[in-house]
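Participant: Following this line is my_file_31.pdb, made up of PDB, C-alpha atoms:
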ATOM      1  CA  MET V1413    -103.372  22.239  13.023
ATOM      2  CA  ASN V1414    -102.829  25.669  11.549
ATOM      3  CA  HIS V1415    -104.851  27.141   8.717
ATOM      4  CA  GLU V1416    -102.438  26.089   5.972
ATOM      5  CA  THR V1417    -102.362  22.501   7.188
ATOM      6  CA  ASN V1418    -106.156  22.482   7.225
ATOM      7  CA  GLU V1419    -106.241  23.856   3.750
ATOM      8  CA  PHE V1420    -103.872  21.150   2.543
ATOM      9  CA  PHE V1421    -106.574  18.583   3.236
ATOM     10  CA  SER V1422    -109.613  20.726   2.536
ATOM     11  CA  GLY V1423    -111.975  21.071  -0.391
ATOM     12  CA  ARG V1424    -111.804  23.426  -3.306
ATOM     13  CA  ASP V1425    -111.391  27.164  -3.477
ATOM     14  CA  ASP V1426    -114.498  28.165  -5.396
ATOM     15  CA  ALA V1427    -113.537  31.812  -5.799
ATOM     16  CA  LEU V1428    -110.132  31.002  -7.215
ATOM     17  CA  GLY V1429    -111.697  28.274  -9.329
ATOM     18  CA  ALA V1430    -114.149  30.780 -10.814
ATOM     19  CA  GLU V1431    -111.300  33.154 -11.640
ATOM     20  CA  LEU V1432    -109.363  30.361 -13.302
ATOM     21  CA  ARG V1433    -112.350  29.200 -15.298
ATOM     22  CA  ALA V1434    -113.044  32.714 -16.495
ATOM     23  CA  HIS V1435    -109.411  33.140 -17.410
ATOM     24  CA  LEU V1436    -109.232  29.904 -19.409
ATOM     25  CA  THR V1437    -112.589  30.377 -21.122
ATOM     26  CA  SER V1438    -112.862  31.815 -24.636
ATOM     27  CA  PRO V1439    -115.723  33.579 -26.372
ATOM     28  CA  ASP V1440    -115.550  30.928 -29.114
ATOM     29  CA  ASP V1441    -115.983  27.985 -26.747
ATOM     30  CA  ALA V1442    -119.311  26.904 -28.240
ATOM     31  CA  GLY V1443    -117.806  26.869 -31.715
ATOM     32  CA  PHE V1444    -114.829  24.932 -30.456
ATOM     33  CA  ALA V1445    -116.997  22.230 -28.905
ATOM     34  CA  ALA V1446    -118.922  21.850 -32.158
ATOM     35  CA  ARG V1447    -115.657  21.714 -34.088
ATOM     36  CA  MET V1448    -114.289  18.976 -31.843
ATOM     37  CA  ARG V1449    -117.478  17.014 -32.389
ATOM     38  CA  GLY V1450    -116.760  17.199 -36.097
ATOM     39  CA  VAL V1451    -113.151  16.146 -35.520
ATOM     40  CA  ALA V1452    -114.291  13.174 -33.465
ATOM     41  CA  THR V1453    -116.812  12.076 -36.076
ATOM     42  CA  ALA V1454    -114.184  12.463 -38.778
ATOM     43  CA  ALA V1455    -111.717  10.428 -36.713
ATOM     44  CA  ALA V1456    -114.247   7.627 -36.518
ATOM     45  CA  ARG V1457    -114.862   7.736 -40.264
ATOM     46  CA  GLU V1458    -111.149   7.952 -40.992
ATOM     47  CA  SER V1459    -110.278   4.812 -39.156
ATOM     48  CA  ALA V1460    -112.945   2.744 -40.818
ATOM     49  CA  TRP V1461    -112.776   3.738 -44.464
ATOM     50  CA  ASP V1462    -109.693   5.842 -45.087
ATOM     51  CA  VAL V1463    -107.360   3.233 -43.685
ATOM     52  CA  LEU V1464    -108.626   0.901 -46.394
ATOM     53  CA  THR V1465    -108.256   3.638 -48.988
ATOM     54  CA  ARG V1466    -104.777   4.472 -47.754
ATOM     55  CA  TRP V1467    -103.689   0.875 -48.207
ATOM     56  CA  ALA V1468    -105.425   0.400 -51.544
ATOM     57  CA  ALA V1469    -102.879   2.268 -53.681
ATOM     58  CA  PRO V1470     -99.761   0.566 -52.270
ATOM     59  CA  GLY V1471    -101.605  -2.760 -52.385
ATOM     60  CA  LEU V1472    -102.485  -2.392 -56.056
ATOM     61  CA  ALA V1473     -98.948  -1.227 -56.866
ATOM     62  CA  ALA V1474     -97.475  -4.241 -55.082
ATOM     63  CA  ALA V1475     -99.826  -6.599 -56.905
ATOM     64  CA  ALA V1476     -98.938  -5.053 -60.275
ATOM     65  CA  LEU V1477     -95.236  -5.336 -59.507
ATOM     66  CA  LEU V1478     -95.655  -8.967 -58.511
ATOM     67  CA  ILE V1479     -97.497  -9.724 -61.751
ATOM     68  CA  LEU V1480     -94.720  -8.066 -63.740
ATOM     69  CA  VAL V1481     -91.977  -9.970 -61.932
ATOM     70  CA  VAL V1482     -93.724 -13.325 -62.270
ATOM     71  CA  GLY V1483     -94.548 -12.614 -65.900
ATOM     72  CA  ALA V1484     -90.947 -11.727 -66.679
ATOM     73  CA  TRP V1485     -89.720 -14.828 -64.877
ATOM     74  CA  LEU V1486     -92.048 -17.099 -66.821
ATOM     75  CA  GLY V1487     -91.231 -15.250 -70.032
ATOM     76  CA  THR V1488     -87.544 -16.035 -69.732
ATOM     77  CA  GLY V1489     -88.462 -19.702 -69.140
ATOM     78  CA  ALA V1490     -86.703 -19.777 -65.814
ATOM     79  CA  GLY V1491     -89.339 -22.159 -64.531
ATOM     80  CA  ALA V1492     -89.007 -24.711 -67.324
ATOM     81  CA  ASP V1493     -86.983 -27.968 -67.530
ATOM     82  CA  PRO V1494     -83.251 -27.077 -67.288
ATOM     83  CA  GLU V1495     -82.239 -29.559 -70.015
ATOM     84  CA  ALA V1496     -84.867 -28.290 -72.389
ATOM     85  CA  THR V1497     -83.755 -24.774 -71.606
ATOM     86  CA  ALA V1498     -80.151 -25.734 -72.363
ATOM     87  CA  ILE V1499     -81.123 -27.167 -75.748
ATOM     88  CA  GLN V1500     -83.419 -24.253 -76.499
ATOM     89  CA  GLY V1501     -80.659 -21.848 -75.652
ATOM     90  CA  THR V1502     -78.019 -23.634 -77.761
ATOM     91  CA  PRO V1503     -77.048 -22.151 -81.097
ATOM     92  CA  ALA V1504     -77.929 -24.195 -84.176
ATOM     93  CA  ASP V1505     -74.353 -25.040 -85.116
ATOM     94  CA  ALA V1506     -73.704 -26.373 -81.629
ATOM     95  CA  LEU V1507     -76.684 -28.676 -82.047
ATOM     96  CA  VAL V1508     -75.136 -29.984 -85.238
ATOM     97  CA  GLU V1509     -71.967 -30.751 -83.320
ATOM     98  CA  LEU V1510     -73.926 -32.527 -80.634
ATOM     99  CA  ALA V1511     -75.728 -34.569 -83.257
ATOM    100  CA  GLY V1512     -72.362 -35.425 -84.719
ATOM    101  CA  ASP V1513     -71.159 -36.681 -81.388
ATOM    102  CA  TYR V1514     -74.124 -39.006 -81.115
ATOM    103  CA  ALA V1515     -73.731 -40.358 -84.622
ATOM    104  CA  ALA V1516     -73.667 -44.184 -84.854
ATOM    105  CA  PRO V1517     -70.166 -45.613 -84.424
ATOM    106  CA  GLY V1518     -68.457 -47.104 -87.420
ATOM    107  CA  GLY V1519     -68.478 -50.855 -88.086
ATOM    108  CA  ALA V1520     -64.799 -51.295 -87.084
ATOM    109  CA  VAL V1521     -65.483 -49.901 -83.670
ATOM    110  CA  VAL V1522     -68.424 -52.281 -83.155
ATOM    111  CA  LEU V1523     -66.447 -55.313 -84.236
ATOM    112  CA  ALA V1524     -63.513 -54.343 -82.012
ATOM    113  CA  SER V1525     -65.770 -54.262 -78.988
ATOM    114  CA  PHE V1526     -67.091 -57.764 -79.759
ATOM    115  CA  ALA V1527     -63.524 -59.051 -80.193
ATOM    116  CA  GLU V1528     -62.643 -57.775 -76.681
TER     117      GLU V1528
ATOM    118  CA  MET N 507    -127.844   9.519 -22.934
ATOM    119  CA  THR N 508    -125.076   8.959 -20.366
ATOM    120  CA  ASP N 509    -121.351   9.022 -21.104
ATOM    121  CA  ALA N 510    -121.182   5.263 -20.584
ATOM    122  CA  GLU N 511    -123.970   4.650 -23.104
ATOM    123  CA  LEU N 512    -122.355   6.940 -25.657
ATOM    124  CA  ALA N 513    -118.957   5.337 -25.070
ATOM    125  CA  GLY N 514    -120.508   1.901 -25.514
ATOM    126  CA  ARG N 515    -122.033   2.916 -28.829
ATOM    127  CA  ALA N 516    -118.773   4.578 -29.879
ATOM    128  CA  ALA N 517    -116.855   1.400 -29.070
ATOM    129  CA  ARG N 518    -119.147  -0.429 -31.492
ATOM    130  CA  GLY N 519    -118.080   2.006 -34.217
ATOM    131  CA  ASP N 520    -120.720   4.723 -33.833
ATOM    132  CA  GLY N 521    -118.816   7.867 -34.835
ATOM    133  CA  GLU N 522    -121.768  10.146 -34.060
ATOM    134  CA  ALA N 523    -121.873   8.871 -30.484
ATOM    135  CA  PHE N 524    -118.158   9.484 -30.137
ATOM    136  CA  GLY N 525    -118.613  13.007 -31.515
ATOM    137  CA  GLN N 526    -121.316  13.712 -28.970
ATOM    138  CA  LEU N 527    -119.107  12.404 -26.177
ATOM    139  CA  VAL N 528    -116.158  14.553 -27.197
ATOM    140  CA  GLU N 529    -118.344  17.635 -27.586
ATOM    141  CA  ARG N 530    -119.599  17.120 -24.069
ATOM    142  CA  HIS N 531    -116.078  17.234 -22.612
ATOM    143  CA  ALA N 532    -114.364  19.501 -25.119
ATOM    144  CA  LEU N 533    -114.435  22.656 -23.035
ATOM    145  CA  VAL N 534    -113.004  21.064 -19.909
ATOM    146  CA  ALA N 535    -110.356  19.517 -22.133
ATOM    147  CA  ARG N 536    -109.635  22.904 -23.664
ATOM    148  CA  ARG N 537    -109.212  24.597 -20.283
ATOM    149  CA  ILE N 538    -106.909  21.833 -19.037
ATOM    150  CA  ALA N 539    -104.855  21.997 -22.227
ATOM    151  CA  ARG N 540    -104.625  25.773 -21.901
ATOM    152  CA  ALA N 541    -103.470  25.425 -18.313
ATOM    153  CA  ALA N 542    -100.835  22.949 -19.459
ATOM    154  CA  LEU N 543     -99.564  24.761 -22.531
ATOM    155  CA  LEU N 544    -100.486  28.417 -21.884
ATOM    156  CA  ASP N 545    -101.034  28.893 -25.576
ATOM    157  CA  PRO N 546    -104.570  28.845 -26.961
ATOM    158  CA  HIS N 547    -103.598  27.531 -30.385
ATOM    159  CA  ASP N 548    -101.369  24.769 -29.049
ATOM    160  CA  ALA N 549    -104.090  23.872 -26.552
ATOM    161  CA  ASP N 550    -106.660  23.434 -29.318
ATOM    162  CA  ASP N 551    -104.193  21.315 -31.295
ATOM    163  CA  ALA N 552    -103.607  19.146 -28.230
ATOM    164  CA  VAL N 553    -107.340  18.567 -27.744
ATOM    165  CA  GLN N 554    -107.650  17.618 -31.392
ATOM    166  CA  ASP N 555    -104.710  15.207 -31.127
ATOM    167  CA  ALA N 556    -106.269  13.758 -27.992
ATOM    168  CA  THR N 557    -109.564  13.233 -29.801
ATOM    169  CA  PHE N 558    -107.897  11.144 -32.502
ATOM    170  CA  SER N 559    -105.916   9.255 -29.875
ATOM    171  CA  ALA N 560    -109.025   8.602 -27.778
ATOM    172  CA  TRP N 561    -110.798   7.095 -30.769
ATOM    173  CA  ARG N 562    -107.847   4.844 -31.560
ATOM    174  CA  HIS N 563    -107.692   3.633 -27.947
ATOM    175  CA  LEU N 564    -111.379   3.526 -27.188
ATOM    176  CA  ASP N 565    -111.179  -0.224 -26.692
ATOM    177  CA  GLN N 566    -109.044   0.465 -23.608
ATOM    178  CA  TYR N 567    -111.714   2.610 -21.940
ATOM    179  CA  ASP N 568    -113.464   0.899 -19.063
ATOM    180  CA  GLY N 569    -117.146   1.744 -19.448
ATOM    181  CA  ALA N 570    -117.697   1.238 -15.736
ATOM    182  CA  ARG N 571    -115.598   4.321 -14.979
ATOM    183  CA  PRO N 572    -116.300   7.977 -15.795
ATOM    184  CA  PHE N 573    -115.282   9.024 -19.277
ATOM    185  CA  ALA N 574    -113.962  12.511 -18.409
ATOM    186  CA  PRO N 575    -110.877  11.470 -16.378
ATOM    187  CA  TRP N 576    -109.923   8.912 -19.042
ATOM    188  CA  PHE N 577    -110.250  11.479 -21.812
ATOM    189  CA  LEU N 578    -108.501  14.232 -19.841
ATOM    190  CA  ARG N 579    -105.576  11.973 -19.142
ATOM    191  CA  ILE N 580    -105.198  11.599 -22.905
ATOM    192  CA  VAL N 581    -105.466  15.373 -23.268
ATOM    193  CA  VAL N 582    -102.688  15.918 -20.726
ATOM    194  CA  ASN N 583    -100.493  13.388 -22.531
ATOM    195  CA  ALA N 584    -101.271  14.984 -25.885
ATOM    196  CA  ALA N 585    -100.280  18.359 -24.459
ATOM    197  CA  ALA N 586     -96.992  16.907 -23.223
ATOM    198  CA  ASP N 587     -96.359  15.313 -26.620
ATOM    199  CA  LEU N 588     -97.110  18.565 -28.379
ATOM    200  CA  ARG N 589     -94.732  20.424 -26.123
ATOM    201  CA  ARG N 590     -91.996  17.869 -26.831
ATOM    202  CA  ARG N 591     -92.586  18.152 -30.571
ATOM    203  CA  ARG N 592     -92.428  21.917 -30.406
ATOM    204  CA  GLY N 593     -89.670  21.796 -27.836
ATOM    205  CA  VAL N 594     -88.248  25.187 -28.620
ATOM    206  CA  ARG N 595     -91.068  26.844 -26.753
ATOM    207  CA  ARG N 596     -90.563  27.088 -22.991
ATOM    208  CA  VAL N 597     -93.860  28.025 -21.442
ATOM    209  CA  ASP N 598     -92.740  27.572 -17.866
ATOM    210  CA  GLN N 599     -90.834  30.804 -18.258
ATOM    211  CA  VAL N 600     -92.528  34.167 -18.264
ATOM    212  CA  PRO N 601     -92.609  35.095 -21.949
ATOM    213  CA  GLU N 602     -91.455  38.420 -23.286
ATOM    214  CA  ALA N 603     -94.866  39.111 -24.743
ATOM    215  CA  ILE N 604     -97.964  37.537 -23.250
ATOM    216  CA  PRO N 605    -100.527  36.821 -25.952
ATOM    217  CA  ASP N 606    -103.435  38.756 -24.599
ATOM    218  CA  PRO N 607    -106.200  40.129 -26.805
ATOM    219  CA  GLY N 608    -106.738  42.860 -24.247
ATOM    220  CA  PRO N 609    -109.816  43.669 -22.241
ATOM    221  CA  SER N 610    -113.111  43.707 -24.063
ATOM    222  CA  PRO N 611    -115.133  46.886 -23.671
ATOM    223  CA  GLU N 612    -117.420  45.363 -21.057
ATOM    224  CA  LEU N 613    -114.508  44.428 -18.825
ATOM    225  CA  SER N 614    -113.583  47.018 -16.292
ATOM    226  CA  THR N 615    -109.967  48.070 -15.919
ATOM    227  CA  ASP N 616    -109.765  46.246 -12.607
ATOM    228  CA  ARG N 617    -111.044  43.061 -14.180
ATOM    229  CA  ALA N 618    -108.575  43.295 -17.027
ATOM    230  CA  LEU N 619    -105.766  43.920 -14.590
ATOM    231  CA  LEU N 620    -106.816  40.932 -12.513
ATOM    232  CA  ARG N 621    -106.801  38.661 -15.563
ATOM    233  CA  GLU N 622    -103.407  39.910 -16.600
ATOM    234  CA  ARG N 623    -102.001  39.243 -13.166
ATOM    235  CA  LEU N 624    -103.554  35.793 -13.135
ATOM    236  CA  ASP N 625    -101.984  35.054 -16.485
ATOM    237  CA  VAL N 626     -98.551  36.101 -15.253
ATOM    238  CA  ALA N 627     -99.055  34.133 -12.050
ATOM    239  CA  LEU N 628     -99.968  30.961 -13.944
ATOM    240  CA  ARG N 629     -96.830  31.290 -16.034
ATOM    241  CA  THR N 630     -94.675  31.327 -12.925
ATOM    242  CA  LEU N 631     -96.068  27.946 -11.818
ATOM    243  CA  PRO N 632     -94.720  24.558 -12.875
ATOM    244  CA  GLU N 633     -96.946  22.844 -15.412
ATOM    245  CA  ARG N 634     -98.199  20.123 -13.072
ATOM    246  CA  HIS N 635     -99.149  22.701 -10.429
ATOM    247  CA  ARG N 636    -101.172  24.613 -12.998
ATOM    248  CA  ILE N 637    -102.976  21.519 -14.199
ATOM    249  CA  ALA N 638    -103.627  20.315 -10.659
ATOM    250  CA  VAL N 639    -105.100  23.588  -9.406
ATOM    251  CA  VAL N 640    -107.269  24.040 -12.497
ATOM    252  CA  MET N 641    -108.522  20.463 -12.337
ATOM    253  CA  HIS N 642    -109.262  20.791  -8.640
ATOM    254  CA  ASP N 643    -110.545  24.317  -8.098
ATOM    255  CA  ALA N 644    -111.894  25.173 -11.552
ATOM    256  CA  GLU N 645    -113.164  21.788 -12.737
ATOM    257  CA  GLY N 646    -114.042  20.162  -9.439
ATOM    258  CA  PHE N 647    -112.067  16.939  -9.647
ATOM    259  CA  GLY N 648    -110.910  15.302  -6.431
ATOM    260  CA  HIS N 649    -107.269  14.863  -5.488
ATOM    261  CA  ALA N 650    -107.398  11.114  -6.093
ATOM    262  CA  GLU N 651    -108.957  11.540  -9.543
ATOM    263  CA  ILE N 652    -106.313  14.090 -10.524
ATOM    264  CA  ALA N 653    -103.589  11.822  -9.214
ATOM    265  CA  GLY N 654    -104.941   9.057 -11.431
ATOM    266  CA  MET N 655    -105.052  11.331 -14.458
ATOM    267  CA  LEU N 656    -101.531  12.652 -13.969
ATOM    268  CA  GLY N 657    -100.049   9.377 -12.803
ATOM    269  CA  VAL N 658     -98.615  10.713  -9.535
ATOM    270  CA  PRO N 659     -99.409   9.990  -5.874
ATOM    271  CA  GLU N 660    -102.405  11.731  -4.341
ATOM    272  CA  GLY N 661    -100.206  13.442  -1.763
ATOM    273  CA  THR N 662     -98.215  15.026  -4.562
ATOM    274  CA  ILE N 663    -101.394  16.486  -6.023
ATOM    275  CA  ARG N 664    -102.456  17.858  -2.646
ATOM    276  CA  SER N 665     -99.081  19.516  -2.375
ATOM    277  CA  ASP N 666     -99.259  20.844  -5.959
ATOM    278  CA  VAL N 667    -102.702  22.356  -5.399
ATOM    279  CA  PHE N 668    -101.633  23.856  -2.100
ATOM    280  CA  HIS N 669     -98.540  25.532  -3.535
ATOM    281  CA  ALA N 670    -100.324  26.660  -6.676
ATOM    282  CA  ARG N 671    -103.091  28.304  -4.646
ATOM    283  CA  ARG N 672    -100.624  30.057  -2.449
ATOM    284  CA  ALA N 673     -98.725  31.444  -5.436
ATOM    285  CA  LEU N 674    -101.885  32.509  -7.263
ATOM    286  CA  ARG N 675    -103.366  34.189  -4.228
ATOM    287  CA  ALA N 676    -100.138  36.035  -3.586
ATOM    288  CA  VAL N 677    -100.195  37.475  -7.074
ATOM    289  CA  LEU N 678    -103.919  38.167  -7.010
ATOM    290  CA  GLY N 679    -103.584  39.840  -3.640
ATOM    291  CA  THR N 680    -106.233  37.675  -2.027
ATOM    292  CA  SER N 681    -106.056  36.210   1.447
ATOM    293  CA  GLU N 682    -105.674  32.612   2.626
ATOM    294  CA  GLU N 683    -109.043  32.934   4.357
ATOM    295  CA  ARG N 684    -111.020  32.361   1.180
ATOM    296  CA  THR N 685    -111.493  28.638   1.618
TER     297      THR N 685
END
Would you write out, as structure tokens, the structure that this file holds?
Facilitator:
Amino acid sequence: MNHETNEFFSGRDDALGAELRAHLTSPDDAGFAARMRGVATAAARESAWDVLTRWAAPGLAAAALLILVVGAWLGTGAGADPEATAIQGTPADALVELAGDYAAPGGAVVLASFAE
Amino acid sequence: MTDAELAGRAARGDGEAFGQLVERHALVARRIARAALLDPHDADDAVQDATFSAWRHLDQYDGARPFAPWFLRIVVNAAADLRRRRGVRRVDQVPEAIPDPGPSPELSTDRALLRERLDVALRTLPERHRIAVVMHDAEGFGHAEIAGMLGVPEGTIRSDVFHARRALRAVLGTSEERT
């Protein structure tokens, strides 16, 4: 085995590792760690409470819309008895005509039916 | 308190415990994200994204295993997502202008030069090679652990670390005999 092959299976290069660490380290590292702690705590709070808050506004809006739609539907009487609705919606003169149609037949008509 | 204890409390909804856990691993996460993205601001954004993601998926964390590899895997994925979202940036190429604040007064010229060369060298490496060599040589993770975090075979990680070291040493002007 040559040196490179050995190295392929060997442990870490501490000197290179130290150079890399120094290169990737910032003077504000301590502040960053504290900031990420704050982010993490906020993330935890967000998921518990803000999700509820986020859904509250659309939920209330949907409920209000539903109330309006149902109210309008009931207001137009769409849920009532169709026959009653038909009579309610009929103009007064049409009702007079209907009443005329149901007027008692004349005596000649009644007698004719008995004769048959 | 151990990572497992903190993770257990976090899983039961303890946000303070989760904050403590993230703080404990934030700097490793930052270095890995920087190795992946080569941009300090993007790296910090990726760690933040990963923190939110880790909280959302905390129920998937196996408390019997170490927390760091689980969290760092999320960091690596967050970095990849961030890169996709900001796809116009190609960090595998050597940029025209390397964002470098310049050497601080206490740094010698040689030290500053070394850091600059290391920066250029890292930018010539593929992303996975950079992550692998930083995880292995700078952070002390084993090949198998890194393979698990990156979702590739262990042999691939060995190869990545090997090639990354060779490239970095060539640029830094150091010998192969350092191991």
Participant: So how many Å separate CA of Ile538 in chain N and CA of Arg590 in chain N, to one decimal?
Facilitator: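 Pair CA of Ile538 in chain N / CA of Arg590 in chain N returns 17.3 Å.
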Participant: Go through the shown structure with the PyMOL selection byres ((chain V and resi 1424) around 7) and write out the matching residues as a PDB file with C-alpha atoms, in the frame of the given file.
Facilitator:
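Output file selection.pdb is given in full below:
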ATOM      1  CA  SER V1422    -109.613  20.726   2.536  1.00  0.00           C
ATOM      2  CA  GLY V1423    -111.975  21.071  -0.391  1.00  0.00           C
ATOM      3  CA  ASP V1425    -111.391  27.164  -3.477  1.00  0.00           C
ATOM      4  CA  ASP V1426    -114.498  28.165  -5.396  1.00  0.00           C
TER       5      ASP V1426
ATOM      6  CA  HIS N 642    -109.262  20.791  -8.640  1.00  0.00           C
ATOM      7  CA  ASP N 643    -110.545  24.317  -8.098  1.00  0.00           C
TER       8      ASP N 643
END
Participant: What gap, in Å, lies between CA of Ala644 in chain N and CA of Ala516 in chain N?
Facilitator: 28.4 Å
Participant: Find the residues of chain V that sit at most 6 Å from chain N; for each, write down the nearest two atoms and how far apart they are in Å, to one decimal. Count all atoms listed in the file. Sort by chain, then by number going up, and give it as a tab-separated table.
Facilitator:
residue	atom	partner	partner_atom	distance
V:Phe1420	CA	N:Phe668	CA	5.8
V:Arg1424	CA	N:Asp643	CA	5.0
V:Asp1425	CA	N:Thr685	CA	5.3
V:Gly1429	CA	N:Ala644	CA	3.8
V:Arg1433	CA	N:Ala644	CA	5.5
V:Leu1436	CA	N:Arg537	CA	5.4
V:Ala1445	CA	N:Glu529	CA	5.0
V:Arg1449	CA	N:Gly525	CA	4.3
V:Ala1452	CA	N:Gly525	CA	4.7
V:Thr1453	CA	N:Gly521	CA	4.8
V:Ala1455	CA	N:Phe558	CA	5.7
V:Ala1456	CA	N:Gly521	CA	4.9
Participant: Would you export the selected residues with C-alpha atoms as a PDB file, keeping the file's coordinate frame, please?
Facilitator:
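To be explicit, this is the file written out as result37.pdb:
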ATOM      1  CA  PHE V1420    -103.872  21.150   2.543  1.00  0.00           C
ATOM      2  CA  ARG V1424    -111.804  23.426  -3.306  1.00  0.00           C
ATOM      3  CA  ASP V1425    -111.391  27.164  -3.477  1.00  0.00           C
ATOM      4  CA  GLY V1429    -111.697  28.274  -9.329  1.00  0.00           C
ATOM      5  CA  ARG V1433    -112.350  29.200 -15.298  1.00  0.00           C
ATOM      6  CA  LEU V1436    -109.232  29.904 -19.409  1.00  0.00           C
ATOM      7  CA  ALA V1445    -116.997  22.230 -28.905  1.00  0.00           C
ATOM      8  CA  ARG V1449    -117.478  17.014 -32.389  1.00  0.00           C
ATOM      9  CA  ALA V1452    -114.291  13.174 -33.465  1.00  0.00           C
ATOM     10  CA  THR V1453    -116.812  12.076 -36.076  1.00  0.00           C
ATOM     11  CA  ALA V1455    -111.717  10.428 -36.713  1.00  0.00           C
ATOM     12  CA  ALA V1456    -114.247   7.627 -36.518  1.00  0.00           C
TER      13      ALA V1456
END
Participant: By how many Å are CA of Leu619 in chain N and CA of Pro1439 in chain V apart?
Facilitator: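 Straight-line distance from CA of Leu619 in chain N to CA of Pro1439 in chain V works out to 18.6 Å.
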Participant: Please give the centre and size of the box around range 625-634 of chain N (axis-aligned, containing every atom listed in the file, 8 Å added per side), with values in Å to one decimal and written as lines of an AutoDock Vina configuration file.
Facilitator:
center_x = -98.3
center_y = 28.1
center_z = -14.2
size_x = 23.3
size_y = 32.0
size_z = 20.7
